[in-house]
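Enquirer: Dropping the structure in here first, questions after.
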Amino acid sequence: MSEVRRLEARGAPSLQPPVKRITILGSTGSIGQSALAVVDAHRDRLEVVGLAAGENADLFAAQVEQYRPRVAAMATGAAIDRLKQIGGPADVVFGGTGRDGLVAVASHPDVDLVLCASSGTEALEAVLAAIASGKTIALANKEVLVMAGGIVTEAAARHGVVILPVDSEHNAIHQCLHGRTRAEIARLVLTASGGPFRGRSASDLVGVTAEDALKHPTWRMGRKITIDSATLMNKGLEVIEAHWLFGARADQIDVVIHPQSIVHSMVELTDGSLIAQLGVTDMRLPIQYAFSYPERWRAPLPTLDLTAAGRLEFETPDTRAFPCLRLAYRALEAARSLPVVLNAANEVAVARFLEGRIGFTAIPLVIERTMAAYRPGAVATLAEVRAVDRWARERAEETVDELQSKV
Ligand code: NDP
Ligand code: MG
């Protein structure tokens, strides 16, 4: 028996570091799988209590078998049926399907921390339920904050819950802000890779295909966020995300194109000093930061070799060729409800682009026309947010139909 165990056996307080019990929403996705790799590297500090996925029953069955969560959920009953046919463990407890399933997994009493890494906005209620139950939130999903940033951050403040950003830029800013007071901060600077079409003019973008747009130069991610990176809407959503996470106004948040994706973001202090966070391009790093916070753990990743990187370049974004970034600023400046419209219209436009129904340059058109058709009002409740979201999706679908009929 080790000396530590001998002391514990005699009633001394435990000297073993505490284990964090986590839930992962979206465990079968790009972030979800990276999060489970972080769990594998720190089995002594992390325990998977809850897992939720959408439709990928094959991968989810393997995850449930390996991590034996106390509660699980999938998007639909059909997905759970497929999982059972595959022959996953018979004793797995399902918390439900759809939003209810996500809520059950996120608010399970044994959970300390919830990683929200599902795509879309289905997990909004689950994030709010987790906050109400006092769980720490590790947030990869940005759509939830764009849609309901006021509601989510007010609930977090009311319940004394910490929201730890996993999105690499916001994670970088979180690190740069350590030990700073609000009075010291002049500006947040988000870096953007520029995506696969960096340097192209608006006319060069006509006719690019989904296959071209899915070839991201530096990050491997899910399909929707990869298209958002190609249109620069990803950065637009991140500007709104930064507003809610750090309380910065639109005019205090800048975007700079940095093709190497090594400087993950920066904070400018009032004296003009820029504090930056640099690191390898691997989402396991910000995920581990959120899981370990306020501690820091060793990461089984290569460290950054700046001499191998060679050059770090920075450019101004071209919002003529990539109007989505401008639209996001406009939504943030206008009112609380316009970002709901922006986000919903973007989800519709990206889905229809991936189906080949509209072209790449029609994505900002769909969003702009949907925003133009909307009269911004206050959205104080979740029901109001969902109603605006539904309206915007329907309006965006109509715009897609109009654009298609002209082709
Ligand atoms: P993926 O498309 O790779 O994964 C999405 C995940 O969400 C999958 O597990 C999917 O399940 C699950 N999901 C989708 N709909 C539902 C639903 N209704 N109920 C439960 N689960 C659902 O996306 P990413 O991992 O790339 O991105 C996830 C989120 O993280 C996004 O909001 C993105 O913006 C954000 N993000 C991602 C980054 C990245 O590097 N990938 C970086 C920064 C932020 P299934 O596959 O089983 O259907
Ligand atoms: Mg990001």
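The chains in the structure tokens are called A, B, ... from first to last as shown; in each chain the residues are counted from 1, and the ligands are counted from 1 in the order shown.
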Just list as a list in words whatever in segment 152-370 of chain A DSSP marks as strand (DSSP E or B).
Expert: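 So, restricting segment 152-370 of chain A to strand (DSSP E or B), we get Ile163, Leu164, Pro165, Ile185, Ala186, Arg187, Leu188, Val189, Leu190, Thr191, Ala192, Ile253, Asp254, Val255, Val256, Ile257, Val263, His264, Ser265, Met266, Val267, Glu268, Leu269, Leu274, Ile275, Ala276, Gln277, Leu278 and Glu315 of chain A.
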Enquirer: Can you pull out every residue within 10 Å of Asp251 of chain A, counting only C-alpha atoms, but drop anything in the same chain fewer than 5 positions away, and send it as a VMD selection string?
Expert: chain A and resid 187 to 188 329 333
Enquirer: Which residues form the shell of 6 Å around ligand 1 when you count only C-alpha atoms and all ligand atoms, given as a ChimeraX atom specification?
Expert: /A:26-32,52-56,74-75,98,117-120,122,140-143,167,221-223,225,283
Enquirer: Could you give me, as a ChimeraX atom specification, the residues within 12 Å of Ala372 of chain A, counting only C-alpha atoms and dropping anything in the same chain fewer than 2 positions from it?
Expert: /A:327,330-331,334,338,341-342,345,364-370,374-376,392,395-396,399
Enquirer: Write as a ChimeraX atom specification the residues around ligand 2, taking 9 Å as the cut-off and counting only C-alpha atoms and all ligand atoms.
Expert: /A:140,142,166-171,190-192,225,229,234-235,238,264
